[in-house]
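Working notes for the structure below.
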Amino acid sequence: MGILSIVATPIGNLGDITLRALDTLKRADAIACEDTRVTSKLLTRYDISKPLLVFHARSGRLAS
């Protein structure tokens, strides 16, 4: 069985992320996010390479 982790990410300053959040993102098999462009900037800054899944809260669907 897998593990679902919810990670709060910074809205403005990418430096406002915790070490625990970065560790959780690094350990993830995939990352679900609302906007891949924004999430990609964060992951690139911290050299994290994971598959991104788009989650739109309004549709409630997960798409790759």
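Chain labels follow the order of the structure tokens: the first chain is A, the next B, and so on; residue numbering restarts at 1 in every chain, and ligands are counted from 1 in their shown order.
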**Polymer residues at most 8 Å from segment 7-12 of chain A, only C-alpha atoms, same-chain spacing of 2 or more positions, as number ranges by chain** = A: 5, 14-17, 21, 24-25
Any chance you could export the current selection's all heavy atoms as a compact mmCIF listing (two decimals), in the first residue's frame?
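Dumped everything to result32.txt:
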```
# COMPACT_ATOMS: atom_id res chain seq x y z
N SER A 5 1.23 11.81 0.96
CA SER A 5 1.75 12.91 1.77
C SER A 5 1.26 14.21 1.16
O SER A 5 1.29 14.37 -0.06
CB SER A 5 3.28 12.91 1.77
OG SER A 5 3.78 11.72 2.32
N LEU A 14 10.37 30.96 -3.21
CA LEU A 14 10.67 29.53 -3.24
C LEU A 14 11.57 29.10 -2.08
O LEU A 14 11.62 27.92 -1.74
CB LEU A 14 11.31 29.14 -4.57
CG LEU A 14 10.45 29.33 -5.81
CD1 LEU A 14 11.22 28.91 -7.06
CD2 LEU A 14 9.15 28.58 -5.70
N GLY A 15 12.24 30.04 -1.46
CA GLY A 15 13.10 29.74 -0.32
C GLY A 15 12.31 29.50 0.97
O GLY A 15 12.89 29.09 1.97
N ASP A 16 11.02 29.74 0.93
CA ASP A 16 10.18 29.58 2.13
C ASP A 16 9.63 28.16 2.26
O ASP A 16 8.52 27.96 2.73
CB ASP A 16 9.02 30.57 2.10
CG ASP A 16 9.45 31.98 2.36
OD1 ASP A 16 10.56 32.16 2.90
OD2 ASP A 16 8.70 32.91 2.03
N ILE A 17 10.40 27.17 1.85
CA ILE A 17 9.96 25.78 1.98
C ILE A 17 10.80 25.12 3.06
O ILE A 17 11.98 25.45 3.25
CB ILE A 17 10.08 25.03 0.63
CG1 ILE A 17 9.37 23.68 0.72
CG2 ILE A 17 11.51 24.92 0.17
CD1 ILE A 17 9.08 23.05 -0.62
N ALA A 21 9.60 19.33 3.98
CA ALA A 21 8.82 19.33 2.75
C ALA A 21 9.68 18.89 1.57
O ALA A 21 9.25 18.08 0.74
CB ALA A 21 8.23 20.72 2.49
N THR A 24 10.25 15.15 1.72
CA THR A 24 9.04 14.43 1.32
C THR A 24 8.89 14.42 -0.20
O THR A 24 8.58 13.39 -0.80
CB THR A 24 7.80 15.06 1.97
OG1 THR A 24 7.95 15.01 3.40
CG2 THR A 24 6.53 14.33 1.59
N LEU A 25 9.15 15.56 -0.83
CA LEU A 25 9.06 15.63 -2.29
C LEU A 25 10.11 14.74 -2.95
O LEU A 25 9.83 14.08 -3.96
CB LEU A 25 9.22 17.07 -2.76
CG LEU A 25 8.08 18.03 -2.39
CD1 LEU A 25 8.45 19.46 -2.72
CD2 LEU A 25 6.79 17.62 -3.09
```
**Request:** Please provide as a ChimeraX atom specification all residues within 12 Å of Ser40 of chain A, with the sequence filter that same-chain residues fewer than 3 positions apart are discarded (counting only C-alpha atoms).
**Result:** /A:9,14,31-37,43-54
**Message:** Between atom CA of Leu42 of chain A and atom CA of Met1 of chain A, what is the distance in Å, rounded to a tenth?
**Reply:** 27.7 Å
**Request:** Please run DSSP on the backbone and report, as JSON, numbers by chain, all residues within chain A that come out as strand (DSSP E or B).
**Result:** {"A": [31, 32, 33, 52, 53, 54, 55, 56, 61, 62, 63]}
**Request:** as a ChimeraX atom specification, list the residues of chain A assigned to helix (DSSP H, G or I) by DSSP on the backbone atoms of this structure.
**Result:** /A:19-27,36-45
**Test item: residues at most 12 Å from Gly2 of chain A, only C-alpha atoms, excluding those fewer than 3 positions along its chain, as number ranges by chain** = A: 5, 28-30
